[in-house]
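Source file: entry.cif. Holds: mmCIF, C-alpha atoms.
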```cif
data_data
#
loop_
_atom_site.label_atom_id
_atom_site.label_comp_id
_atom_site.auth_asym_id
_atom_site.auth_seq_id
_atom_site.Cartn_x
_atom_site.Cartn_y
_atom_site.Cartn_z
CA MET A 1 166.87 168.46 -192.82
CA ILE A 2 168.54 167.07 -189.68
CA PRO A 3 167.05 163.76 -188.47
CA SER A 4 165.35 163.57 -185.09
CA VAL A 5 166.75 161.62 -182.15
CA SER A 6 164.31 158.74 -182.65
CA GLU A 7 165.28 158.46 -186.30
CA LEU A 8 168.98 158.39 -185.36
CA LEU A 9 168.38 155.61 -182.85
CA ARG A 10 166.46 153.53 -185.38
CA VAL A 11 169.26 153.94 -187.90
CA VAL A 12 171.93 152.99 -185.36
CA VAL A 13 170.05 149.86 -184.27
CA ALA A 14 169.37 148.86 -187.85
CA GLU A 15 173.04 149.26 -188.82
CA ALA A 16 174.46 147.71 -185.65
CA ALA A 17 172.72 144.36 -186.07
CA PRO A 18 174.19 143.50 -189.50
CA ALA A 19 177.61 144.78 -188.44
CA ALA A 20 177.59 142.60 -185.33
CA ALA A 21 176.52 139.61 -187.38
CA GLY A 22 179.32 140.25 -189.83
CA HIS A 23 181.95 140.41 -187.08
CA ALA A 24 180.55 137.26 -185.49
CA SER A 25 180.64 135.38 -188.78
CA SER A 26 184.21 136.41 -189.55
CA GLY A 27 185.25 135.79 -185.94
CA GLY A 28 188.73 137.17 -186.39
CA LEU A 29 190.10 139.38 -183.63
CA GLY A 30 192.76 140.72 -185.95
CA ASP A 31 190.15 141.67 -188.54
CA PHE A 32 188.12 143.42 -185.87
CA ILE A 33 191.13 145.44 -184.66
CA VAL A 34 192.10 146.43 -188.20
CA GLY A 35 188.52 147.42 -188.95
CA ALA A 36 188.30 149.41 -185.73
CA PHE A 37 191.40 151.44 -186.59
CA LYS A 38 190.17 152.04 -190.13
CA ALA A 39 186.78 153.20 -188.90
CA GLY A 40 188.08 155.07 -185.86
CA GLY A 41 190.08 157.68 -187.70
CA PRO A 42 193.36 159.38 -186.79
CA PHE A 43 192.70 159.67 -183.06
CA MET A 44 192.81 155.89 -182.77
CA PHE A 45 196.47 156.06 -183.76
CA VAL A 46 197.06 158.87 -181.28
CA ASN A 47 195.69 156.67 -178.53
CA LEU A 48 197.78 153.79 -179.85
CA PHE A 49 200.84 155.83 -178.88
CA TRP A 50 199.48 156.33 -175.36
CA LEU A 51 198.72 152.61 -175.13
CA ALA A 52 202.34 151.85 -176.01
CA ALA A 53 203.53 154.35 -173.37
CA SER A 54 201.24 152.78 -170.77
CA LEU A 55 202.45 149.27 -171.55
CA ALA A 56 206.05 150.45 -171.33
CA VAL A 57 205.50 151.92 -167.85
CA ILE A 58 203.59 148.83 -166.68
CA GLY A 59 206.30 146.51 -167.99
CA GLU A 60 209.12 148.52 -166.42
CA ARG A 61 207.40 148.66 -163.02
CA ALA A 62 206.52 144.96 -163.14
CA VAL A 63 210.12 143.95 -163.86
CA THR A 64 211.53 146.34 -161.25
CA LEU A 65 209.16 145.66 -158.36
CA LEU A 66 208.40 141.99 -158.92
CA TYR A 67 211.87 140.80 -159.95
CA ARG A 68 214.71 143.29 -159.43
CA TYR A 69 213.57 144.42 -155.95
CA ARG A 70 212.15 141.04 -154.93
CA LEU A 71 213.57 139.69 -151.67
CA ASN A 72 212.36 137.28 -149.01
CA ALA A 73 212.30 139.92 -146.29
CA THR A 74 211.48 137.57 -143.41
CA ALA A 75 214.34 135.16 -144.06
CA PHE A 76 216.72 138.00 -144.92
CA ILE A 77 216.09 139.98 -141.74
CA GLU A 78 216.19 136.86 -139.58
CA GLN A 79 219.61 135.98 -140.95
CA VAL A 80 220.91 139.54 -140.49
CA HIS A 81 219.70 139.68 -136.88
CA LYS A 82 221.33 136.32 -136.19
CA MET A 83 224.66 137.60 -137.48
CA VAL A 84 224.39 140.84 -135.51
CA ARG A 85 223.62 139.02 -132.27
CA GLY A 86 226.62 136.80 -132.90
CA GLY A 87 228.85 139.81 -133.41
CA ASN A 88 229.47 139.07 -137.09
CA LEU A 89 228.87 142.55 -138.46
CA ASP A 90 231.25 142.09 -141.37
CA ARG A 91 229.44 138.95 -142.47
CA ALA A 92 226.12 140.76 -142.17
CA VAL A 93 227.38 143.60 -144.37
CA LYS A 94 228.61 141.13 -147.00
CA PHE A 95 225.31 139.26 -146.77
CA CYS A 96 223.43 142.48 -147.55
CA GLY A 97 225.76 143.05 -150.49
CA MET A 98 224.47 139.84 -152.07
CA ALA A 99 221.21 141.69 -152.91
CA PRO A 100 222.57 144.98 -154.27
CA ARG A 101 219.36 146.00 -156.02
CA SER A 102 216.98 145.51 -153.11
CA PRO A 103 216.07 148.73 -151.22
CA LEU A 104 215.71 146.71 -148.01
CA ALA A 105 219.22 145.28 -148.31
CA ARG A 106 220.69 148.69 -149.11
CA VAL A 107 219.07 150.39 -146.12
CA ILE A 108 220.06 147.60 -143.73
CA ARG A 109 223.59 147.63 -145.08
CA ALA A 110 223.87 151.38 -144.49
CA GLY A 111 222.93 150.88 -140.84
CA LEU A 112 225.33 147.97 -140.35
CA ILE A 113 228.29 149.85 -141.82
CA ASN A 114 227.85 152.54 -139.15
CA ALA A 115 227.05 150.12 -136.32
CA ASN A 116 230.27 150.87 -134.43
CA ARG A 117 229.87 154.65 -134.60
CA GLY A 118 227.03 155.00 -132.12
CA GLU A 119 223.25 155.12 -132.20
CA LEU A 120 223.10 158.62 -133.67
CA GLU A 121 225.28 157.75 -136.64
CA VAL A 122 223.27 154.59 -137.29
CA ALA A 123 220.02 156.55 -137.24
CA LYS A 124 221.44 159.17 -139.61
CA ALA A 125 222.74 156.55 -142.02
CA VAL A 126 219.44 154.67 -142.06
CA GLU A 127 217.46 157.86 -142.55
CA GLU A 128 219.70 158.94 -145.42
CA ALA A 129 219.44 155.51 -147.07
CA LEU A 130 215.65 155.57 -146.75
CA ALA A 131 215.49 158.99 -148.39
CA GLU A 132 217.77 157.77 -151.20
CA TYR A 133 216.36 154.35 -152.04
CA THR A 134 212.65 154.27 -151.17
CA PRO A 135 211.61 156.86 -153.81
CA HIS A 136 212.81 154.40 -156.47
CA VAL A 137 210.09 151.99 -155.36
CA SER A 138 207.17 154.26 -156.29
CA ARG A 139 208.85 155.95 -159.25
CA ARG A 140 206.67 156.29 -162.38
CA VAL A 141 203.65 154.68 -160.70
CA GLN A 142 201.81 158.03 -160.72
CA TRP A 143 202.35 158.26 -164.47
CA LEU A 144 199.71 155.58 -164.94
CA TRP A 145 196.99 157.81 -163.51
CA SER A 146 197.97 160.63 -165.86
CA LEU A 147 198.10 158.24 -168.83
CA ALA A 148 194.60 157.03 -167.99
CA ASN A 149 193.29 160.60 -168.06
CA ILE A 150 195.10 161.42 -171.29
CA ALA A 151 193.79 158.31 -173.08
CA THR A 152 190.24 159.06 -171.95
CA LEU A 153 190.44 162.65 -173.15
CA VAL A 154 191.98 161.69 -176.49
CA GLY A 155 189.19 159.17 -177.00
CA LEU A 156 186.65 161.84 -176.14
CA VAL A 157 188.20 164.25 -178.64
CA GLY A 158 188.06 161.54 -181.30
CA THR A 159 184.41 160.94 -180.46
CA ILE A 160 183.51 164.61 -180.73
CA VAL A 161 185.44 165.07 -183.96
CA GLY A 162 183.72 162.05 -185.49
CA LEU A 163 180.25 163.27 -184.52
CA ILE A 164 180.90 166.81 -185.69
CA GLY A 165 182.13 165.60 -189.06
CA THR A 166 179.17 163.28 -189.43
CA PHE A 167 176.46 165.80 -188.65
CA ARG A 168 178.16 168.44 -190.76
CA ALA A 169 178.15 166.12 -193.77
CA LEU A 170 174.53 164.99 -193.37
CA GLY A 171 173.16 168.10 -194.99
CA ASN A 172 175.36 167.80 -198.08
CA VAL A 173 174.61 164.23 -199.21
CA PRO A 174 171.58 162.60 -200.85
CA ALA A 175 169.03 160.96 -198.60
CA GLU A 176 170.01 157.42 -199.62
CA GLN A 177 173.58 158.03 -198.41
CA LYS A 178 172.72 159.54 -195.03
CA GLN A 179 172.18 156.18 -193.38
CA ALA A 180 175.63 154.86 -194.31
CA LEU A 181 177.29 158.17 -193.45
CA LEU A 182 175.59 158.31 -190.08
CA SER A 183 176.55 154.71 -189.33
CA ASN A 184 180.20 155.35 -190.18
CA GLY A 185 180.31 158.50 -188.09
CA ILE A 186 178.83 156.87 -185.02
CA SER A 187 181.18 153.90 -185.45
CA GLU A 188 184.14 156.27 -185.50
CA ALA A 189 182.91 157.98 -182.36
CA MET A 190 182.26 154.75 -180.45
CA TYR A 191 185.55 153.15 -181.44
CA ASN A 192 187.44 156.16 -180.10
CA THR A 193 185.47 156.16 -176.87
CA GLY A 194 185.87 152.43 -176.35
CA PHE A 195 189.60 152.44 -177.10
CA GLY A 196 190.29 155.39 -174.82
CA LEU A 197 188.30 153.88 -171.95
CA SER A 198 190.01 150.50 -172.39
CA ILE A 199 193.43 152.13 -172.02
CA ALA A 200 192.20 154.06 -169.00
CA VAL A 201 190.90 150.90 -167.30
CA LEU A 202 194.22 149.14 -167.91
CA CYS A 203 196.18 152.06 -166.44
CA ILE A 204 193.91 152.43 -163.40
CA VAL A 205 194.09 148.73 -162.53
CA ALA A 206 197.88 148.75 -162.92
CA HIS A 207 198.12 151.95 -160.83
CA LEU A 208 196.05 150.38 -158.06
CA PHE A 209 198.22 147.27 -157.98
CA PHE A 210 201.63 148.94 -158.19
CA SER A 211 200.79 151.77 -155.77
CA ASN A 212 199.69 149.30 -153.09
CA TYR A 213 202.65 147.03 -153.79
CA ALA A 214 205.11 149.92 -153.56
CA LYS A 215 203.48 151.25 -150.39
CA ASN A 216 203.76 147.87 -148.69
CA MET A 217 207.38 147.54 -149.78
CA VAL A 218 208.32 150.97 -148.39
CA GLU A 219 206.54 150.24 -145.10
CA LEU A 220 208.40 146.93 -144.85
CA VAL A 221 211.74 148.65 -145.40
CA GLU A 222 210.98 151.32 -142.79
CA LEU A 223 209.81 148.75 -140.23
CA ASN A 224 212.90 146.56 -140.59
CA ALA A 225 215.16 149.61 -140.53
CA LEU A 226 213.63 150.56 -137.18
CA LYS A 227 214.09 147.01 -135.89
CA LEU A 228 217.74 147.13 -136.90
CA GLU A 229 218.27 150.41 -135.06
CA ASN A 230 216.73 148.94 -131.92
CA LEU A 231 218.80 145.78 -132.24
CA LEU A 232 222.05 147.72 -132.63
CA SER A 233 221.05 149.95 -129.71
CA ARG A 234 220.47 146.96 -127.43
CA ARG A 235 223.71 145.42 -128.64
CA GLY A 236 225.60 148.60 -127.70
CA SER A 237 223.96 148.66 -124.27
CA LEU A 238 224.92 145.07 -123.61
CA GLU A 239 228.51 145.84 -124.52
CA VAL A 240 228.65 148.85 -122.19
CA VAL A 241 227.19 147.19 -119.10
CA PRO A 242 229.90 144.52 -118.62
CA ALA A 243 232.55 147.16 -119.08
CA ASP A 244 231.09 149.24 -116.21
CA SER A 245 230.84 146.21 -113.95
CA ASP A 246 234.45 145.30 -114.65
CA VAL A 247 235.51 148.80 -113.67
CA ARG A 248 233.64 148.58 -110.37
CA ALA A 249 235.11 145.15 -109.66
CA ALA A 250 238.62 146.37 -110.33
CA SER A 251 238.16 149.34 -108.00
#
```

Reformat the file's structure so that it appears as structure tokens.
Amino acid sequence: MIPSVSELLRVVVAEAAPAAAGHASSGGLGDFIVGAFKAGGPFMFVNLFWLAASLAVIGERAVTLLYRYRLNATAFIEQVHKMVRGGNLDRAVKFCGMAPRSPLARVIRAGLINANRGELEVAKAVEEALAEYTPHVSRRVQWLWSLANIATLVGLVGTIVGLIGTFRALGNVPAEQKQALLSNGISEAMYNTGFGLSIAVLCIVAHLFFSNYAKNMVELVELNALKLENLLSRRGSLEVVPADSDVRAAS
């Protein structure tokens, strides 16, 4: 005979209290994790793989965005503009080469290299550099959203499998064993759900942070690229005007 919902709830509450007391008395996080994986079944180890994949993506993005691409944009652009106004284009190009990994430095350098070829060539070079380097900023960030969904679904599958196995076995065991069997089955289901949701929360928080960080970085690169184009355009205009006045004076 299959127990009613009220009976199931009473059994779960009765079994949860001693289990919680036992974990509190032992107090070991390592023991809790080992026990969770033993009780959670095979899908806990499946989600362990997705946790490792998520941590790998988070670690790679953190190192890339926060360290490899890190650059004091305000001081960098101010120094570049100072060199350009002083006519030291070669120094400005070498200065950009001192930060070879930064997308901002690469885009600015592409514009400076073509500074003497006219406004159109500068614009083309900057646009090409933006298309080449800015996608690296947001690379693999979208993976975190997919990993969050996968971990949640794997946890849900583990929950369903645990419940199905438990209720299927209830009719084939003596009455005195049903309580322990039911407790183990519900523990397996809840461990899978909790582990999957924990991975999903981690991935979603990381996705929110890195997506906003990457978006701000790309916008900063585009803004400073536009400022450089305008600066080189004004520089070219200033160089042309004295030449025209000299021609009129000579005539």

Which residues would end up in the selection if the PyMOL selection byres ((chain A and resi 119-133) around 10) were applied here, given that I need the answer as a PyMOL selection string?
chain A and resi 101-104+106-118+134-137+218+221-222+225-226+228-230+232-234+236

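When atom CA of Leu220 of chain A is paired with atom CA of Leu147 of chain A, their separation reads 28.4 Å.
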
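The gap separating atom CA of Leu202 of chain A from atom CA of Trp143 of chain A is 12.7 Å, in Å to one decimal.
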
Residue members of the PyMOL selection byres ((chain A and resi 190) around 10) in the file shown, as number ranges by chain
A: 36, 39-40, 155-156, 158-160, 162-163, 184-189, 191-196

Can you tell me how far atom CA of Arg68 of chain A sits from atom CA of Ala52 of chain A, in Å to one decimal?
22.4 Å

Add whatever atoms are absent from segment 113-125 of chain A to reach N, CA, C and O atoms, and provide the output as an mmCIF file, in the frame of the given file.
```cif
data_model
loop_
_atom_site.group_PDB
_atom_site.id
_atom_site.type_symbol
_atom_site.label_atom_id
_atom_site.label_comp_id
_atom_site.auth_asym_id
_atom_site.auth_seq_id
_atom_site.Cartn_x
_atom_site.Cartn_y
_atom_site.Cartn_z
ATOM 1 N N ILE A 113 226.969 149.262 -141.604
ATOM 2 C CA ILE A 113 228.290 149.850 -141.820
ATOM 3 C C ILE A 113 228.640 150.843 -140.717
ATOM 4 O O ILE A 113 229.808 150.974 -140.316
ATOM 5 N N ASN A 114 227.623 151.531 -140.189
ATOM 6 C CA ASN A 114 227.850 152.540 -139.150
ATOM 7 C C ASN A 114 227.523 152.019 -137.752
ATOM 8 O O ASN A 114 227.320 152.815 -136.826
ATOM 9 N N ALA A 115 227.469 150.701 -137.599
ATOM 10 C CA ALA A 115 227.050 150.120 -136.320
ATOM 11 C C ALA A 115 228.004 150.463 -135.183
ATOM 12 O O ALA A 115 227.584 150.597 -134.023
ATOM 13 N N ASN A 116 229.282 150.610 -135.485
ATOM 14 C CA ASN A 116 230.270 150.870 -134.430
ATOM 15 C C ASN A 116 230.492 152.364 -134.173
ATOM 16 O O ASN A 116 231.398 152.716 -133.416
ATOM 17 N N ARG A 117 229.707 153.214 -134.779
ATOM 18 C CA ARG A 117 229.870 154.650 -134.600
ATOM 19 C C ARG A 117 228.835 155.275 -133.679
ATOM 20 O O ARG A 117 228.762 156.495 -133.577
ATOM 21 N N GLY A 118 228.009 154.469 -133.054
ATOM 22 C CA GLY A 118 227.030 155.000 -132.120
ATOM 23 C C GLY A 118 225.633 155.035 -132.712
ATOM 24 O O GLY A 118 225.423 154.957 -133.930
ATOM 25 N N GLU A 119 224.654 155.147 -131.798
ATOM 26 C CA GLU A 119 223.250 155.120 -132.200
ATOM 27 C C GLU A 119 222.894 156.284 -133.128
ATOM 28 O O GLU A 119 222.127 156.120 -134.087
ATOM 29 N N LEU A 120 223.435 157.447 -132.872
ATOM 30 C CA LEU A 120 223.100 158.620 -133.670
ATOM 31 C C LEU A 120 223.574 158.457 -135.105
ATOM 32 O O LEU A 120 222.839 158.777 -136.049
ATOM 33 N N GLU A 121 224.759 157.939 -135.289
ATOM 34 C CA GLU A 121 225.280 157.750 -136.640
ATOM 35 C C GLU A 121 224.502 156.670 -137.388
ATOM 36 O O GLU A 121 224.268 156.784 -138.601
ATOM 37 N N VAL A 122 224.092 155.632 -136.659
ATOM 38 C CA VAL A 122 223.270 154.590 -137.290
ATOM 39 C C VAL A 122 221.943 155.161 -137.751
ATOM 40 O O VAL A 122 221.485 154.903 -138.872
ATOM 41 N N ALA A 123 221.318 155.954 -136.898
ATOM 42 C CA ALA A 123 220.020 156.550 -137.240
ATOM 43 C C ALA A 123 220.151 157.487 -138.453
ATOM 44 O O ALA A 123 219.298 157.487 -139.346
ATOM 45 N N LYS A 124 221.232 158.274 -138.476
ATOM 46 C CA LYS A 124 221.440 159.170 -139.610
ATOM 47 C C LYS A 124 221.669 158.398 -140.899
ATOM 48 O O LYS A 124 221.139 158.756 -141.956
ATOM 49 N N ALA A 125 222.456 157.344 -140.824
ATOM 50 C CA ALA A 125 222.740 156.550 -142.020
ATOM 51 C C ALA A 125 221.489 155.868 -142.545
ATOM 52 O O ALA A 125 221.247 155.838 -143.762
#
```
